[in-house]
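Dropping upload-v2.cif in here (mmCIF, C-alpha atoms and all ligand atoms):
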data_model
#
loop_
_atom_site.group_PDB
_atom_site.id
_atom_site.type_symbol
_atom_site.label_atom_id
_atom_site.label_comp_id
_atom_site.auth_asym_id
_atom_site.auth_seq_id
_atom_site.Cartn_x
_atom_site.Cartn_y
_atom_site.Cartn_z
ATOM 1 C CA MET A 1 11.603 24.034 27.269
ATOM 2 C CA ALA A 2 12.397 20.627 28.755
ATOM 3 C CA ARG A 3 13.491 17.994 26.271
ATOM 4 C CA ARG A 4 11.025 15.153 26.016
ATOM 5 C CA LYS A 5 12.130 11.720 26.986
ATOM 6 C CA LYS A 6 12.907 9.167 24.296
ATOM 7 C CA ILE A 7 11.487 5.765 25.227
ATOM 8 C CA TYR A 8 12.557 3.666 22.284
ATOM 9 C CA GLU A 9 14.130 4.074 18.870
ATOM 10 C CA GLY A 10 13.105 1.519 16.266
ATOM 11 C CA LYS A 11 13.984 1.161 12.594
ATOM 12 C CA ALA A 12 11.233 3.393 11.218
ATOM 13 C CA LYS A 13 9.871 5.170 14.287
ATOM 14 C CA THR A 14 11.004 6.784 17.519
ATOM 15 C CA LEU A 15 8.770 6.747 20.591
ATOM 16 C CA PHE A 16 8.736 9.605 23.118
ATOM 17 C CA GLU A 17 6.947 9.966 26.413
ATOM 18 C CA GLY A 18 3.538 11.567 25.778
ATOM 19 C CA PRO A 19 2.113 14.679 27.445
ATOM 20 C CA GLU A 20 -0.234 12.693 29.723
ATOM 21 C CA PRO A 21 0.313 9.399 31.549
ATOM 22 C CA GLY A 22 -0.573 6.443 29.367
ATOM 23 C CA THR A 23 0.256 8.261 26.133
ATOM 24 C CA ILE A 24 3.186 8.054 23.740
ATOM 25 C CA VAL A 25 4.300 10.233 20.846
ATOM 26 C CA GLN A 26 5.184 8.210 17.745
ATOM 27 C CA TYR A 27 7.631 9.992 15.438
ATOM 28 C CA PHE A 28 7.819 8.565 11.893
ATOM 29 C CA LYS A 29 11.348 8.636 10.482
ATOM 30 C CA ASP A 30 12.393 8.590 6.833
ATOM 31 C CA ASP A 31 14.612 5.543 7.385
ATOM 32 C CA ALA A 32 13.837 2.464 5.359
ATOM 33 C CA THR A 33 15.258 -0.945 6.192
ATOM 34 C CA ALA A 34 14.735 -4.409 4.764
ATOM 35 C CA PHE A 35 16.100 -7.927 5.196
ATOM 36 C CA ASN A 36 16.489 -7.449 8.935
ATOM 37 C CA ALA A 37 18.182 -4.049 8.408
ATOM 38 C CA GLU A 38 20.867 -5.414 6.042
ATOM 39 C CA LYS A 39 19.541 -3.012 3.386
ATOM 40 C CA ARG A 40 18.977 0.543 4.558
ATOM 41 C CA ASP A 41 18.409 4.013 3.149
ATOM 42 C CA VAL A 42 16.813 7.347 3.997
ATOM 43 C CA ILE A 43 13.785 8.021 1.806
ATOM 44 C CA GLU A 44 12.773 11.665 2.050
ATOM 45 C CA GLY A 45 9.091 12.055 2.851
ATOM 46 C CA LYS A 46 8.387 8.418 3.774
ATOM 47 C CA GLY A 47 7.775 9.262 7.448
ATOM 48 C CA VAL A 48 5.234 11.953 6.578
ATOM 49 C CA LEU A 49 3.326 9.600 4.278
ATOM 50 C CA ASN A 50 3.297 6.734 6.795
ATOM 51 C CA ASN A 51 2.139 9.075 9.567
ATOM 52 C CA MET A 52 -0.810 10.254 7.448
ATOM 53 C CA LEU A 53 -1.650 6.789 6.142
ATOM 54 C CA SER A 54 -1.492 5.118 9.547
ATOM 55 C CA GLU A 55 -3.771 7.869 10.903
ATOM 56 C CA TYR A 56 -6.216 7.208 8.066
ATOM 57 C CA PHE A 57 -6.350 3.435 8.643
ATOM 58 C CA MET A 58 -6.466 3.607 12.448
ATOM 59 C CA ASN A 59 -9.242 6.223 12.321
ATOM 60 C CA GLY A 60 -11.171 3.967 9.962
ATOM 61 C CA LEU A 61 -10.739 1.044 12.358
ATOM 62 C CA THR A 62 -12.054 3.211 15.206
ATOM 63 C CA GLN A 63 -15.084 4.105 13.060
ATOM 64 C CA ILE A 64 -15.962 0.422 12.591
ATOM 65 C CA GLY A 65 -15.297 -0.449 16.226
ATOM 66 C CA VAL A 66 -11.882 -2.104 16.046
ATOM 67 C CA PRO A 67 -9.929 -0.947 19.113
ATOM 68 C CA ASN A 68 -6.521 0.569 18.358
ATOM 69 C CA HIS A 69 -3.883 2.807 19.895
ATOM 70 C CA PHE A 70 -4.424 5.940 17.786
ATOM 71 C CA ILE A 71 -5.495 9.115 19.625
ATOM 72 C CA ARG A 72 -4.670 11.987 17.251
ATOM 73 C CA ARG A 73 -2.103 13.236 14.814
ATOM 74 C CA LEU A 74 0.077 15.992 16.242
ATOM 75 C CA ASN A 75 1.913 17.198 13.145
ATOM 76 C CA MET A 76 3.299 15.936 9.832
ATOM 77 C CA ARG A 77 5.580 13.386 11.479
ATOM 78 C CA GLU A 78 4.075 12.678 14.888
ATOM 79 C CA GLN A 79 0.976 11.127 16.331
ATOM 80 C CA LEU A 80 -0.251 10.658 19.886
ATOM 81 C CA VAL A 81 -1.076 7.046 20.722
ATOM 82 C CA ARG A 82 -2.080 5.030 23.775
ATOM 83 C CA ALA A 83 0.822 3.472 25.599
ATOM 84 C CA CYS A 84 0.511 -0.295 25.575
ATOM 85 C CA GLU A 85 2.546 -3.405 26.250
ATOM 86 C CA ILE A 86 3.412 -4.856 22.861
ATOM 87 C CA VAL A 87 2.729 -8.588 22.474
ATOM 88 C CA PRO A 88 6.050 -9.907 21.091
ATOM 89 C CA LEU A 89 4.459 -11.222 17.888
ATOM 90 C CA GLU A 90 4.185 -9.989 14.333
ATOM 91 C CA VAL A 91 0.734 -10.989 13.183
ATOM 92 C CA ILE A 92 0.718 -11.527 9.428
ATOM 93 C CA VAL A 93 -2.450 -11.971 7.388
ATOM 94 C CA ARG A 94 -2.227 -13.183 3.803
ATOM 95 C CA ASN A 95 -4.865 -13.150 1.063
ATOM 96 C CA PHE A 96 -2.510 -13.989 -1.817
ATOM 97 C CA ALA A 97 0.805 -15.836 -1.697
ATOM 98 C CA ALA A 98 3.831 -13.512 -1.664
ATOM 99 C CA GLY A 99 7.162 -12.853 -0.018
ATOM 100 C CA SER A 100 8.447 -15.319 2.532
ATOM 101 C CA MET A 101 5.421 -17.643 2.324
ATOM 102 C CA ALA A 102 5.593 -17.926 -1.462
ATOM 103 C CA LYS A 103 9.296 -18.754 -1.137
ATOM 104 C CA ARG A 104 8.933 -21.146 1.797
ATOM 105 C CA LEU A 105 6.153 -23.204 0.196
ATOM 106 C CA GLY A 106 7.143 -22.804 -3.466
ATOM 107 C CA ILE A 107 3.900 -21.056 -4.427
ATOM 108 C CA GLU A 108 3.915 -18.496 -7.219
ATOM 109 C CA GLU A 109 3.544 -14.917 -5.955
ATOM 110 C CA GLY A 110 0.023 -13.641 -6.503
ATOM 111 C CA THR A 111 -1.701 -17.022 -6.179
ATOM 112 C CA PRO A 112 -5.019 -16.448 -4.383
ATOM 113 C CA LEU A 113 -5.268 -18.334 -1.095
ATOM 114 C CA PRO A 114 -8.410 -20.398 -0.372
ATOM 115 C CA ARG A 115 -8.890 -18.439 2.871
ATOM 116 C CA PRO A 116 -6.927 -15.761 4.704
ATOM 117 C CA ILE A 117 -3.888 -17.361 6.305
ATOM 118 C CA VAL A 118 -2.699 -15.923 9.605
ATOM 119 C CA GLU A 119 0.931 -16.445 10.626
ATOM 120 C CA TYR A 120 2.842 -15.412 13.721
ATOM 121 C CA CYS A 121 6.496 -14.412 13.968
ATOM 122 C CA TYR A 122 8.335 -13.955 17.252
ATOM 123 C CA LYS A 123 9.529 -10.336 17.428
ATOM 124 C CA ASP A 124 13.275 -10.633 17.879
ATOM 125 C CA ASP A 125 15.603 -8.794 15.497
ATOM 126 C CA ALA A 126 18.630 -10.835 16.575
ATOM 127 C CA LEU A 127 16.810 -14.017 15.513
ATOM 128 C CA GLY A 128 15.350 -12.421 12.366
ATOM 129 C CA ASP A 129 11.723 -12.602 13.613
ATOM 130 C CA PRO A 130 11.269 -16.385 13.208
ATOM 131 C CA LEU A 131 7.935 -17.926 12.252
ATOM 132 C CA VAL A 132 6.369 -19.604 15.290
ATOM 133 C CA SER A 133 3.300 -21.740 15.908
ATOM 134 C CA GLU A 134 0.576 -21.303 18.520
ATOM 135 C CA GLU A 135 2.305 -24.126 20.408
ATOM 136 C CA HIS A 136 5.417 -21.962 20.846
ATOM 137 C CA ILE A 137 3.311 -18.950 21.778
ATOM 138 C CA ALA A 138 1.470 -20.898 24.499
ATOM 139 C CA ALA A 139 4.526 -22.801 25.745
ATOM 140 C CA PHE A 140 6.664 -19.681 26.127
ATOM 141 C CA GLY A 141 3.800 -17.610 27.535
ATOM 142 C CA TRP A 142 3.880 -14.851 24.902
ATOM 143 C CA ALA A 143 0.069 -14.866 24.776
ATOM 144 C CA SER A 144 -2.692 -16.947 26.349
ATOM 145 C CA GLN A 145 -5.262 -19.044 24.504
ATOM 146 C CA GLN A 146 -7.853 -16.303 25.082
ATOM 147 C CA ASP A 147 -5.401 -13.662 23.796
ATOM 148 C CA MET A 148 -4.856 -15.732 20.655
ATOM 149 C CA GLU A 149 -8.606 -15.910 19.996
ATOM 150 C CA ASP A 150 -8.848 -12.127 20.380
ATOM 151 C CA ILE A 151 -5.745 -11.553 18.236
ATOM 152 C CA LEU A 152 -7.132 -13.751 15.444
ATOM 153 C CA SER A 153 -10.444 -11.909 15.538
ATOM 154 C CA LEU A 154 -8.702 -8.494 15.438
ATOM 155 C CA ALA A 155 -6.428 -9.600 12.592
ATOM 156 C CA LEU A 156 -9.343 -10.843 10.473
ATOM 157 C CA ARG A 157 -11.383 -7.694 11.103
ATOM 158 C CA VAL A 158 -8.423 -5.530 10.091
ATOM 159 C CA ASN A 159 -8.043 -7.717 6.994
ATOM 160 C CA ASP A 160 -11.668 -7.277 5.915
ATOM 161 C CA PHE A 161 -11.532 -3.539 6.557
ATOM 162 C CA LEU A 162 -8.226 -2.934 4.777
ATOM 163 C CA SER A 163 -9.100 -5.216 1.846
ATOM 164 C CA GLY A 164 -12.334 -3.278 1.321
ATOM 165 C CA VAL A 165 -10.744 0.148 1.622
ATOM 166 C CA MET A 166 -8.024 -0.842 -0.819
ATOM 167 C CA PHE A 167 -10.480 -2.462 -3.234
ATOM 168 C CA GLY A 168 -12.324 0.873 -3.318
ATOM 169 C CA VAL A 169 -9.236 2.565 -4.769
ATOM 170 C CA GLY A 170 -8.218 -0.204 -7.161
ATOM 171 C CA ILE A 171 -5.580 -1.800 -4.956
ATOM 172 C CA LYS A 172 -5.276 -5.470 -3.987
ATOM 173 C CA LEU A 173 -4.311 -6.148 -0.379
ATOM 174 C CA VAL A 174 -1.946 -9.091 -0.790
ATOM 175 C CA ASP A 175 -0.812 -9.335 2.843
ATOM 176 C CA PHE A 176 0.025 -7.196 5.859
ATOM 177 C CA LYS A 177 1.509 -7.273 9.320
ATOM 178 C CA ILE A 178 0.064 -5.807 12.489
ATOM 179 C CA GLU A 179 1.232 -5.640 16.063
ATOM 180 C CA ILE A 180 -1.003 -5.980 19.077
ATOM 181 C CA GLY A 181 -0.765 -4.148 22.394
ATOM 182 C CA ARG A 182 -2.173 -4.794 25.856
ATOM 183 C CA VAL A 183 -3.876 -1.973 27.736
ATOM 184 C CA TYR A 184 -5.069 -2.234 31.304
ATOM 185 C CA GLU A 185 -8.399 -0.716 32.295
ATOM 186 C CA GLY A 186 -9.020 -1.237 35.996
ATOM 187 C CA ASP A 187 -8.897 -4.983 36.579
ATOM 188 C CA PHE A 188 -9.270 -5.757 32.891
ATOM 189 C CA MET A 189 -6.719 -6.230 30.152
ATOM 190 C CA ARG A 190 -7.710 -5.506 26.570
ATOM 191 C CA LEU A 191 -5.906 -6.163 23.302
ATOM 192 C CA ILE A 192 -5.748 -3.377 20.736
ATOM 193 C CA VAL A 193 -4.155 -2.835 17.328
ATOM 194 C CA ALA A 194 -0.907 -0.897 17.842
ATOM 195 C CA ASP A 195 2.294 0.144 16.031
ATOM 196 C CA GLU A 196 1.335 1.322 12.518
ATOM 197 C CA ILE A 197 -0.562 0.346 9.409
ATOM 198 C CA SER A 198 1.182 1.709 6.318
ATOM 199 C CA PRO A 199 2.661 0.588 2.991
ATOM 200 C CA ASP A 200 5.774 -0.324 5.024
ATOM 201 C CA SER A 201 3.838 -3.207 6.561
ATOM 202 C CA CYS A 202 1.455 -4.207 3.735
ATOM 203 C CA ARG A 203 1.785 -5.607 0.241
ATOM 204 C CA LEU A 204 -0.339 -3.481 -2.077
ATOM 205 C CA TRP A 205 -0.666 -4.215 -5.792
ATOM 206 C CA ASP A 206 -2.493 -2.122 -8.353
ATOM 207 C CA MET A 207 -5.490 -4.214 -9.440
ATOM 208 C CA GLU A 208 -5.134 -3.398 -13.140
ATOM 209 C CA THR A 209 -1.396 -3.440 -13.690
ATOM 210 C CA GLY A 210 -0.075 -5.421 -10.712
ATOM 211 C CA GLN A 211 2.321 -2.566 -9.988
ATOM 212 C CA LYS A 212 3.725 -2.716 -6.470
ATOM 213 C CA LEU A 213 2.820 0.223 -4.241
ATOM 214 C CA ASP A 214 4.522 -0.925 -1.017
ATOM 215 C CA LYS A 215 7.902 -1.548 0.600
ATOM 216 C CA ASP A 216 8.783 -4.201 -1.996
ATOM 217 C CA VAL A 217 9.611 -1.188 -4.236
ATOM 218 C CA PHE A 218 12.503 -0.569 -1.830
ATOM 219 C CA ARG A 219 13.298 -4.230 -1.052
ATOM 220 C CA ARG A 220 13.482 -5.137 -4.759
ATOM 221 C CA ASP A 221 14.756 -1.797 -6.192
ATOM 222 C CA LEU A 222 11.673 -1.199 -8.314
ATOM 223 C CA GLY A 223 11.723 2.613 -8.404
ATOM 224 C CA SER A 224 10.788 5.461 -6.124
ATOM 225 C CA LEU A 225 9.277 4.447 -2.793
ATOM 226 C CA THR A 226 7.819 7.913 -2.124
ATOM 227 C CA ASP A 227 6.149 7.908 -5.534
ATOM 228 C CA ALA A 228 4.542 4.553 -4.695
ATOM 229 C CA TYR A 229 3.380 5.610 -1.210
ATOM 230 C CA SER A 230 2.206 8.992 -2.556
ATOM 231 C CA GLU A 231 0.080 7.148 -5.083
ATOM 232 C CA VAL A 232 -1.616 5.157 -2.286
ATOM 233 C CA ALA A 233 -2.140 8.386 -0.303
ATOM 234 C CA ARG A 234 -3.452 10.224 -3.366
ATOM 235 C CA ARG A 235 -5.975 7.496 -4.173
ATOM 236 C CA LEU A 236 -7.204 7.451 -0.574
ATOM 237 C CA GLY A 237 -7.437 11.263 -0.501
ATOM 238 C CA VAL A 238 -4.826 11.655 2.226
ATOM 239 C CA MET A 239 -2.102 13.188 0.105
ATOM 240 C CA PRO A 240 -0.093 15.577 2.285
ATOM 241 C CA LYS A 241 0.374 19.135 1.028
ATOM 242 C CA GLY A 242 3.414 19.607 -1.163
ATOM 243 C CA ALA A 243 3.898 15.908 -1.980
ATOM 244 C CA THR A 244 4.205 15.166 -5.661
ATOM 245 C CA PRO A 245 2.027 12.494 -7.223
ATOM 246 C CA MET A 246 3.547 9.475 -8.922
ATOM 247 C CA LYS A 247 5.308 10.269 -12.184
ATOM 248 C CA PRO A 248 3.450 8.817 -15.207
ATOM 249 C CA THR A 249 6.672 7.132 -16.388
ATOM 250 C CA LEU A 250 6.504 4.755 -13.421
ATOM 251 C CA ILE A 251 2.983 3.544 -14.065
ATOM 252 C CA ASN A 252 3.695 0.657 -16.491
HETATM 253 N N1 LIG B 1 6.220 -7.481 7.328
HETATM 254 C C1 LIG B 1 6.508 -6.382 8.112
HETATM 255 N N2 LIG B 1 7.574 -6.443 8.960
HETATM 256 C C2 LIG B 1 8.360 -7.535 9.084
HETATM 257 C C3 LIG B 1 8.072 -8.666 8.280
HETATM 258 C C4 LIG B 1 6.991 -8.598 7.410
HETATM 259 O O1 LIG B 1 5.808 -5.381 8.053
HETATM 260 O O2 LIG B 1 9.304 -7.520 9.882
HETATM 261 C C5 LIG B 1 5.067 -7.432 6.399
HETATM 262 C C6 LIG B 1 5.525 -7.365 4.956
HETATM 263 O O3 LIG B 1 5.622 -6.023 4.513
HETATM 264 C C7 LIG B 1 4.410 -8.089 4.236
HETATM 265 C C8 LIG B 1 3.906 -9.112 5.258
HETATM 266 O O4 LIG B 1 4.334 -8.629 6.539
HETATM 267 O O5 LIG B 1 3.349 -7.201 3.924
HETATM 268 C C9 LIG B 1 4.423 -10.512 5.037
HETATM 269 O O6 LIG B 1 5.829 -10.465 4.966
HETATM 270 P P1 LIG B 1 6.691 -11.751 4.605
HETATM 271 O O7 LIG B 1 6.581 -12.734 5.697
HETATM 272 O O8 LIG B 1 6.329 -12.217 3.250
HETATM 273 O O9 LIG B 1 8.175 -11.251 4.706
HETATM 274 P P2 LIG B 1 9.148 -10.590 3.659
HETATM 275 O O10 LIG B 1 8.952 -11.245 2.353
HETATM 276 O O11 LIG B 1 8.777 -9.152 3.704
HETATM 277 O O12 LIG B 1 10.488 -10.872 4.285
#

What does the file become when written as structure tokens?
Ligand code: UDP
Amino acid sequence: MARRKKIYEGKAKTLFEGPEPGTIVQYFKDDATAFNAEKRDVIEGKGVLNNMLSEYFMNGLTQIGVPNHFIRRLNMREQLVRACEIVPLEVIVRNFAAGSMAKRLGIEEGTPLPRPIVEYCYKDDALGDPLVSEEHIAAFGWASQQDMEDILSLALRVNDFLSGVMFGVGIKLVDFKIEIGRVYEGDFMRLIVADEISPDSCRLWDMETGQKLDKDVFRRDLGSLTDAYSEVARRLGVMPKGATPMKPTLIN
């Protein structure tokens, strides 16, 4: 059998050429990185959980009419997605202050924000994904004014959807990051949600205890990352076969 062609290897995923033109296979690795890959580890089972969780969220977005790249899951670690041209921006939506924004502005983590705040970072690992303004985005031609309106609308729809889904299982959506892709349909270009939506790219806190159920568990050495992600998957009913639920000792 011919070996499939690798298109790109990122920190948490590898992309292969898909079986039909315009498709890509996304393979979810177990690698975890933080602080621009200064901290790294292999966390057994993380890729499987993120594959299942991203499928769950993207399918939900499709159900409510938010266009995204997901086509179907192929196996425990791979999913078939639409090929798209990634807009070189990380689109961050925040409902509560945390992480880099809490630090930058001296706001206590967990402080509710008066409205969702959307931030943009320029995707460039060598520069550490710097925060940029819409002025930079327009001046350097990363996205047009119309694109930015569509991106904002997509980001806020994803926020409302994800916040609601998480609320339903007792989890607070503090913030998250999405990436946006361009697809061409005849003469038209459309923007869709791409990449992944998983606890790697969200901040998720248990509503009762405040326990972190996201990548901060890895970033801040707070315990087992797979236990945390398994807990999110278990609550959403997408627990993969064979995965063990969170150990009770970690719940406080
Ligand atoms: N995020 C991400 N990838 C990045 C940077 C941030 O997925 O390269 C997510 C992160 O998990 C969090 C949100 O975007 O849910 C906001 O991250 P923040 O700017 O606070 O950065 P951090 O504190 O993670 O450096």

Practice task
Excluding Arg182 of chain A and residues on its chain fewer than 6 positions from it, collect all residues at most 12 Å away from it, counting only C-alpha atoms, and give them as a list of chain:residue names.
Solution key: A:Gly22, A:Pro67, A:Asn68, A:His69, A:Arg82, A:Ala83, A:Cys84, A:Glu85, A:Ile86, A:Val87, A:Pro88, A:Trp142, A:Ala143, A:Asp147, A:Asp150, A:Ile151, A:Phe188, A:Met189, A:Arg190, A:Leu191, A:Ile192, A:Val193, A:Ala194, A:Asp195

Problem - Nearby residues, ligand LIG 1 (chain B), 6 Å, all atoms listed in the file, as a list in words - result: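 Counting all atoms listed in the file, the residues within 6 Å of ligand LIG 1 (chain B) come out as Ile92, Ala98, Gly99, Ser100, Met101, Asp175, Phe176, Lys177, Asp200, Ser201, Cys202 and Arg203 of chain A.
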
Exercise for the section: Rounded to one decimal place, report the atom CA of Glu185 of chain A-atom CA of Thr23 of chain A distance in Å. Expected result: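 Atom-to-atom, atom CA of Glu185 of chain A and atom CA of Thr23 of chain A are spaced 13.9 Å apart.
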
Handout entry: Shortest interatomic distance to Val217 of chain A - which of A:Ile43, A:Leu49, A:Val169, A:Leu154, counting only C-alpha atoms
Key =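 The shortest atom-to-atom distance to Val217 of chain A comes from A:Ile43.
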
Exercise for the section: Measure the distance from atom CA of Ala102 of chain A to atom CA of Lys11 of chain A in Å and round it to one decimal. Expected result: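 Answer for the atom CA of Ala102 of chain A to atom CA of Lys11 of chain A separation: 25.1 Å.
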